[in-house]
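What's in entry_32.txt: compact mmCIF, C-alpha atoms
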# COMPACT_ATOMS: atom_id res chain seq x y z
CA MET A 16 1.68 -24.34 38.79
CA GLY A 17 1.19 -24.80 35.09
CA GLY A 18 1.62 -28.08 33.33
CA GLY A 19 4.82 -27.23 31.47
CA LYS A 20 3.14 -25.94 28.33
CA GLY A 21 5.10 -23.44 26.23
CA VAL A 22 4.18 -19.81 26.28
CA GLY A 23 2.96 -18.61 22.90
CA LEU A 24 3.86 -15.24 21.48
CA LEU A 25 0.81 -13.10 20.88
CA ILE A 26 1.15 -10.11 18.62
CA ILE A 27 -1.65 -7.62 18.99
CA MET A 28 -2.07 -5.35 16.02
CA LYS A 29 -3.97 -2.10 16.30
CA LYS A 30 -7.15 -1.78 14.21
CA THR A 31 -6.02 -1.96 10.60
CA ILE A 32 -7.75 -1.78 7.23
CA VAL A 33 -6.48 -2.36 3.69
CA VAL A 34 -7.92 0.06 1.12
CA TYR A 35 -7.37 -0.46 -2.61
CA GLY A 36 -8.22 1.08 -5.95
CA SER A 37 -8.38 -1.48 -8.74
CA SER A 38 -9.69 -1.35 -12.31
CA THR A 39 -8.65 -4.77 -13.63
CA GLY A 40 -8.71 -6.76 -10.37
CA THR A 41 -4.94 -7.11 -9.91
CA CYS A 42 -4.65 -4.56 -7.11
CA GLU A 43 -7.80 -5.94 -5.49
CA GLY A 44 -6.31 -9.44 -5.44
CA ILE A 45 -3.10 -8.15 -3.90
CA ALA A 46 -5.06 -6.14 -1.31
CA ASN A 47 -7.01 -9.25 -0.35
CA GLU A 48 -3.78 -11.26 -0.03
CA ILE A 49 -2.24 -8.59 2.22
CA ALA A 50 -5.41 -8.34 4.32
CA SER A 51 -5.57 -12.11 4.71
CA LYS A 52 -1.95 -12.30 5.84
CA LEU A 53 -2.55 -9.49 8.34
CA GLY A 54 -5.86 -10.94 9.53
CA THR A 55 -7.84 -7.85 8.60
CA GLU A 56 -10.33 -6.59 6.01
CA ALA A 57 -9.80 -5.11 2.54
CA ILE A 58 -12.23 -2.57 1.10
CA SER A 59 -12.47 -0.67 -2.16
CA VAL A 60 -11.43 2.98 -1.96
CA SER A 61 -14.94 3.80 -3.20
CA ASP A 62 -16.09 2.66 0.29
CA LEU A 63 -13.53 4.83 2.09
CA SER A 64 -15.07 7.47 4.34
CA ALA A 65 -13.97 9.78 7.13
CA ASP A 66 -15.54 7.30 9.57
CA VAL A 67 -13.44 4.41 8.21
CA VAL A 68 -10.29 6.52 8.57
CA ALA A 69 -11.25 7.55 12.12
CA GLU A 70 -12.03 3.95 13.18
CA ASN A 71 -8.64 2.55 12.10
CA GLU A 72 -5.23 3.33 13.55
CA ASN A 73 -3.41 1.71 10.63
CA LEU A 74 -4.20 2.27 6.96
CA ILE A 75 -2.68 0.05 4.26
CA LEU A 76 -3.38 1.90 1.00
CA GLY A 77 -2.90 0.48 -2.49
CA THR A 78 -3.40 1.66 -6.03
CA SER A 79 -2.75 0.55 -9.54
CA THR A 80 -0.97 3.10 -11.73
CA TRP A 81 -2.54 4.54 -14.88
CA GLY A 82 -1.70 7.07 -17.59
CA ALA A 83 1.38 9.11 -16.77
CA GLY A 84 1.87 7.64 -13.29
CA GLU A 85 -1.55 8.49 -11.88
CA VAL A 86 -3.66 6.78 -9.24
CA GLN A 87 -6.53 4.48 -10.15
CA ASP A 88 -9.65 6.59 -10.87
CA ASP A 89 -11.52 5.78 -7.64
CA TRP A 90 -8.60 7.19 -5.63
CA TYR A 91 -9.34 10.79 -6.66
CA ASP A 92 -12.27 10.86 -4.23
CA GLY A 93 -10.29 8.72 -1.77
CA ILE A 94 -7.49 11.28 -1.66
CA LYS A 95 -10.08 13.95 -0.84
CA VAL A 96 -11.26 11.79 2.09
CA LEU A 97 -7.67 11.39 3.31
CA LYS A 98 -6.95 15.10 3.00
CA GLY A 99 -10.12 15.89 4.96
CA SER A 100 -9.27 13.45 7.77
CA ASN A 101 -7.05 13.76 10.82
CA LEU A 102 -4.14 11.44 10.05
CA SER A 103 -2.00 12.52 12.99
CA GLY A 104 -1.07 9.43 14.99
CA LYS A 105 -2.10 7.06 12.18
CA THR A 106 0.37 4.60 10.67
CA VAL A 107 0.16 4.26 6.89
CA ALA A 108 1.80 1.76 4.56
CA LEU A 109 1.46 1.97 0.78
CA PHE A 110 1.56 -0.55 -2.03
CA GLY A 111 1.24 -0.04 -5.75
CA CYS A 112 0.86 -2.06 -8.91
CA GLY A 113 2.51 -1.15 -12.16
CA ASP A 114 4.09 -2.39 -15.38
CA SER A 115 7.85 -1.82 -15.35
CA SER A 116 8.27 -2.85 -18.98
CA SER A 117 5.53 -0.96 -20.84
CA TYR A 118 5.48 2.01 -18.41
CA SER A 119 9.08 2.04 -17.24
CA ASP A 120 9.17 5.84 -16.88
CA THR A 121 6.14 6.01 -14.53
CA PHE A 122 6.41 2.64 -12.75
CA CYS A 123 4.09 2.53 -9.69
CA GLY A 124 3.92 6.33 -9.77
CA GLY A 125 0.36 6.31 -8.45
CA MET A 126 1.71 5.66 -4.96
CA ALA A 127 3.26 9.14 -4.98
CA GLU A 128 -0.11 10.92 -5.01
CA ILE A 129 -1.36 8.95 -2.01
CA TYR A 130 2.00 9.34 -0.26
CA ASN A 131 1.85 13.13 -0.59
CA ALA A 132 -1.71 13.25 0.77
CA VAL A 133 -0.94 11.19 3.87
CA LYS A 134 2.44 12.83 4.48
CA ASP A 135 0.84 16.28 4.40
CA GLY A 136 -1.82 14.97 6.81
CA GLY A 137 0.78 14.06 9.43
CA ALA A 138 0.65 10.26 9.15
CA ASN A 139 3.56 8.04 10.14
CA ILE A 140 4.48 6.33 6.85
CA VAL A 141 6.20 2.94 6.98
CA GLY A 142 7.18 0.30 4.45
CA ALA A 143 9.58 1.98 2.00
CA VAL A 144 11.25 -0.55 -0.33
CA ASP A 145 14.70 -0.41 -1.93
CA ALA A 146 14.21 0.58 -5.59
CA SER A 147 17.46 -1.07 -6.70
CA GLU A 148 15.69 -4.45 -6.60
CA TYR A 149 13.53 -3.41 -9.58
CA THR A 150 14.17 -2.75 -13.28
CA PHE A 151 12.54 0.51 -14.42
CA ASP A 152 13.57 3.95 -15.69
CA ASP A 153 11.76 6.41 -13.41
CA SER A 154 9.01 6.77 -10.84
CA GLU A 155 7.52 9.66 -8.88
CA ALA A 156 7.13 7.12 -6.06
CA VAL A 157 10.90 6.86 -5.47
CA ILE A 158 12.47 9.12 -2.85
CA ASP A 159 16.14 8.77 -1.90
CA GLY A 160 16.46 5.44 -3.71
CA LYS A 161 13.39 3.86 -2.13
CA PHE A 162 9.83 3.37 -3.26
CA VAL A 163 7.47 5.05 -0.77
CA GLY A 164 5.82 1.65 -0.41
CA LEU A 165 5.74 -1.84 -1.87
CA ALA A 166 6.00 -1.77 -5.68
CA LEU A 167 4.59 -4.79 -7.50
CA ASP A 168 4.67 -5.75 -11.16
CA ASN A 169 2.31 -8.65 -11.79
CA ASP A 170 2.62 -8.13 -15.54
CA ASN A 171 6.34 -8.93 -15.75
CA GLU A 172 7.45 -10.20 -12.33
CA ASP A 173 4.45 -12.09 -10.94
CA ASP A 174 6.86 -14.79 -9.72
CA LYS A 175 8.29 -12.24 -7.23
CA THR A 176 4.96 -10.85 -5.93
CA SER A 177 4.30 -13.31 -3.11
CA GLY A 178 7.86 -13.11 -1.75
CA ARG A 179 7.84 -9.32 -1.93
CA ILE A 180 4.52 -9.17 -0.08
CA ASP A 181 5.78 -11.51 2.65
CA ALA A 182 9.02 -9.55 3.15
CA TRP A 183 7.12 -6.24 3.22
CA ILE A 184 4.56 -7.49 5.73
CA THR A 185 7.40 -8.68 7.95
CA SER A 186 9.00 -5.23 7.73
CA ILE A 187 5.84 -3.24 8.55
CA THR A 188 4.22 -5.49 11.16
CA PRO A 189 6.23 -4.12 14.13
CA ALA A 190 4.86 -0.63 13.39
CA LEU A 191 1.24 -1.77 13.16
Have the structure of the file written as structure tokens, please.
Amino acid sequence: MGGGKGVGLLIIMKKTIVVYGSSTGTCEGIANEIASKLGTEAISVSDLSADVVAENENLILGTSTWGAGEVQDDWYDGIKVLKGSNLSGKTVALFGCGDSSSYSDTFCGGMAEIYNAVKDGGANIVGAVDASEYTFDDSEAVIDGKFVGLALDNDNEDDKTSGRIDAWITSITPAL
């Protein structure tokens, strides 16, 4: 018999990749933090291909928000890749970066475009976050009082980013 050692809990996560679109580096840094905490890789959306989508069962997708609530520029091609891929059976979680003070009426709205692409593709979307914990006026990324993913504001609430990431990862990990 064994020597009385404790049994460790092993969580096996399906193949997962973090994909981000970042112009200033903020979203990239957050993507790398999320990937590190999940023990996986982060890649730029400019490196996203149908093969990458096919090889991964879980997709963690992040974008910064620009203009009137739009995705980061590199995501326009990335959305085409997602729309051209079979997302049925895939689990997707979204995160977005925004500025709730200067762009309060479109806060983290870029997530909505990615959300619509993966929802239409049949993906299982996890990781919605209660919008009442944020101060903003409007966002296309809010449905029924929840952001479609993790909303982050490193411009005005950088002190909350790490805690929000940790809580979100805890909430999505069982689905991964």
Please measure the separation of CA of Leu102 in chain A and CA of Tyr130 in chain A, giving the value in Å to one decimal.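 Result for CA of Leu102 in chain A versus CA of Tyr130 in chain A: 12.2 Å, one decimal.
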To one decimal place, how far is CA of Glu85 in chain A from CA of Gly125 in chain A in Å? 4.5 Å
Protein, DNA and RNA residues within 8 Å of (-3.3, 14.6, 2.4), only C-alpha atoms, as a ChimeraX atom specification: /A:94-95,97-99,129-136
May I have the residues from that selection written out with C-alpha atoms, as a PDB file, in the coordinates of the input?
ATOM      1  CA  ILE A  94      -7.490  11.280  -1.660  1.00  0.00           C
ATOM      2  CA  LYS A  95     -10.080  13.950  -0.840  1.00  0.00           C
ATOM      3  CA  LEU A  97      -7.670  11.390   3.310  1.00  0.00           C
ATOM      4  CA  LYS A  98      -6.950  15.100   3.000  1.00  0.00           C
ATOM      5  CA  GLY A  99     -10.120  15.890   4.960  1.00  0.00           C
ATOM      6  CA  ILE A 129      -1.360   8.950  -2.010  1.00  0.00           C
ATOM      7  CA  TYR A 130       2.000   9.340  -0.260  1.00  0.00           C
ATOM      8  CA  ASN A 131       1.850  13.130  -0.590  1.00  0.00           C
ATOM      9  CA  ALA A 132      -1.710  13.250   0.770  1.00  0.00           C
ATOM     10  CA  VAL A 133      -0.940  11.190   3.870  1.00  0.00           C
ATOM     11  CA  LYS A 134       2.440  12.830   4.480  1.00  0.00           C
ATOM     12  CA  ASP A 135       0.840  16.280   4.400  1.00  0.00           C
ATOM     13  CA  GLY A 136      -1.820  14.970   6.810  1.00  0.00           C
TER      14      GLY A 136
END
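A straight line drawn from CA of Trp81 in chain A to CA of Leu191 in chain A is 29.0 Å long.
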Considering all atoms listed in the file, give me a table of residues in range 50-148 of chain A that are at most 10 Å from range 153-164 of chain A, with the closest atom pair and distance in Å for each, as JSON lines.
{"residue": "A:Ile75", "atom": "CA", "partner": "A:Gly164", "partner_atom": "CA", "distance": 9.8}
{"residue": "A:Leu76", "atom": "CA", "partner": "A:Gly164", "partner_atom": "CA", "distance": 9.3}
{"residue": "A:Gly77", "atom": "CA", "partner": "A:Gly164", "partner_atom": "CA", "distance": 9.0}
{"residue": "A:Ala83", "atom": "CA", "partner": "A:Ser154", "partner_atom": "CA", "distance": 9.9}
{"residue": "A:Gly84", "atom": "CA", "partner": "A:Glu155", "partner_atom": "CA", "distance": 7.4}
{"residue": "A:Glu85", "atom": "CA", "partner": "A:Glu155", "partner_atom": "CA", "distance": 9.6}
{"residue": "A:Val107", "atom": "CA", "partner": "A:Gly164", "partner_atom": "CA", "distance": 9.6}
{"residue": "A:Ala108", "atom": "CA", "partner": "A:Gly164", "partner_atom": "CA", "distance": 6.4}
{"residue": "A:Leu109", "atom": "CA", "partner": "A:Gly164", "partner_atom": "CA", "distance": 4.5}
{"residue": "A:Phe110", "atom": "CA", "partner": "A:Gly164", "partner_atom": "CA", "distance": 5.1}
{"residue": "A:Gly111", "atom": "CA", "partner": "A:Gly164", "partner_atom": "CA", "distance": 7.2}
{"residue": "A:Ser115", "atom": "CA", "partner": "A:Asp153", "partner_atom": "CA", "distance": 9.3}
{"residue": "A:Tyr118", "atom": "CA", "partner": "A:Asp153", "partner_atom": "CA", "distance": 9.2}
{"residue": "A:Ser119", "atom": "CA", "partner": "A:Asp153", "partner_atom": "CA", "distance": 6.4}
{"residue": "A:Asp120", "atom": "CA", "partner": "A:Asp153", "partner_atom": "CA", "distance": 4.4}
{"residue": "A:Thr121", "atom": "CA", "partner": "A:Ser154", "partner_atom": "CA", "distance": 4.7}
{"residue": "A:Phe122", "atom": "CA", "partner": "A:Ser154", "partner_atom": "CA", "distance": 5.2}
{"residue": "A:Cys123", "atom": "CA", "partner": "A:Ala156", "partner_atom": "CA", "distance": 6.6}
{"residue": "A:Gly124", "atom": "CA", "partner": "A:Ala156", "partner_atom": "CA", "distance": 5.0}
{"residue": "A:Gly125", "atom": "CA", "partner": "A:Ala156", "partner_atom": "CA", "distance": 7.2}
{"residue": "A:Met126", "atom": "CA", "partner": "A:Ala156", "partner_atom": "CA", "distance": 5.7}
{"residue": "A:Ala127", "atom": "CA", "partner": "A:Ala156", "partner_atom": "CA", "distance": 4.5}
{"residue": "A:Glu128", "atom": "CA", "partner": "A:Ala156", "partner_atom": "CA", "distance": 8.2}
{"residue": "A:Ile129", "atom": "CA", "partner": "A:Ala156", "partner_atom": "CA", "distance": 9.6}
{"residue": "A:Tyr130", "atom": "CA", "partner": "A:Val163", "partner_atom": "CA", "distance": 7.0}
{"residue": "A:Asn131", "atom": "CA", "partner": "A:Ala156", "partner_atom": "CA", "distance": 9.7}
{"residue": "A:Ile140", "atom": "CA", "partner": "A:Val163", "partner_atom": "CA", "distance": 8.3}
{"residue": "A:Val141", "atom": "CA", "partner": "A:Gly164", "partner_atom": "CA", "distance": 7.5}
{"residue": "A:Gly142", "atom": "CA", "partner": "A:Gly164", "partner_atom": "CA", "distance": 5.2}
{"residue": "A:Ala143", "atom": "CA", "partner": "A:Gly164", "partner_atom": "CA", "distance": 4.5}
{"residue": "A:Val144", "atom": "CA", "partner": "A:Phe162", "partner_atom": "CA", "distance": 5.1}
{"residue": "A:Asp145", "atom": "CA", "partner": "A:Lys161", "partner_atom": "CA", "distance": 4.5}
{"residue": "A:Ala146", "atom": "CA", "partner": "A:Lys161", "partner_atom": "CA", "distance": 4.8}
{"residue": "A:Ser147", "atom": "CA", "partner": "A:Gly160", "partner_atom": "CA", "distance": 7.2}
{"residue": "A:Glu148", "atom": "CA", "partner": "A:Lys161", "partner_atom": "CA", "distance": 9.7}
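Compared by their closest atoms to Glu70 in chain A, and using all atoms listed in the file, the residues A:Asn139, A:Ile187, A:Asp174, A:Lys30 rank with A:Lys30 nearest.
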Taking into account only C-alpha atoms, which residue in the set A:Asn73, A:Thr31, A:Asn101, A:Ser116 is nearest to Ser51 in chain A?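 Of the candidates, the smallest distance to Ser51 in chain A is held by A:Thr31.
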I need the residue nearest Asp170 in chain A from this list: A:Ser117, A:Gln87, A:Ser38, A:Ser64. Use all atoms listed in the file for the distance.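 Comparing A:Ser117, A:Gln87, A:Ser38, A:Ser64 against Asp170 in chain A, the winner is A:Ser117.
Proximity to Val68 in chain A was assessed for A:Val86, A:Leu167, A:Ala190, A:Val33 counting only C-alpha atoms; the smallest distance is recorded for A:Val33.
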Compile the contact shell of Asp168 in chain A as a PyMOL selection string: residues with an atom at most 8 Å away, counting only C-alpha atoms, same-chain residues fewer than 3 positions apart removed. chain A and resi 112-115+171-173+176
Would you mind listing what lies within 7 Å of Asp89 in chain A as an MDAnalysis selection string, with all atoms listed in the file counted and same-chain residues fewer than 2 positions away left out? chainID A and resid 36 60:61 87 91:93
For Asn169 in chain A, the nearest of the candidates A:Thr55, A:Ser186, A:Thr106, A:Ser79, counting all atoms listed in the file: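 Ranking A:Thr55, A:Ser186, A:Thr106, A:Ser79 by distance to Asn169 in chain A, first place goes to A:Ser79.
Among A:Leu74, A:Pro189, A:Phe151, A:Ile180, the residue with the shortest atom-to-atom distance to Lys52 in chain A, counting all atoms listed in the file, is A:Ile180.
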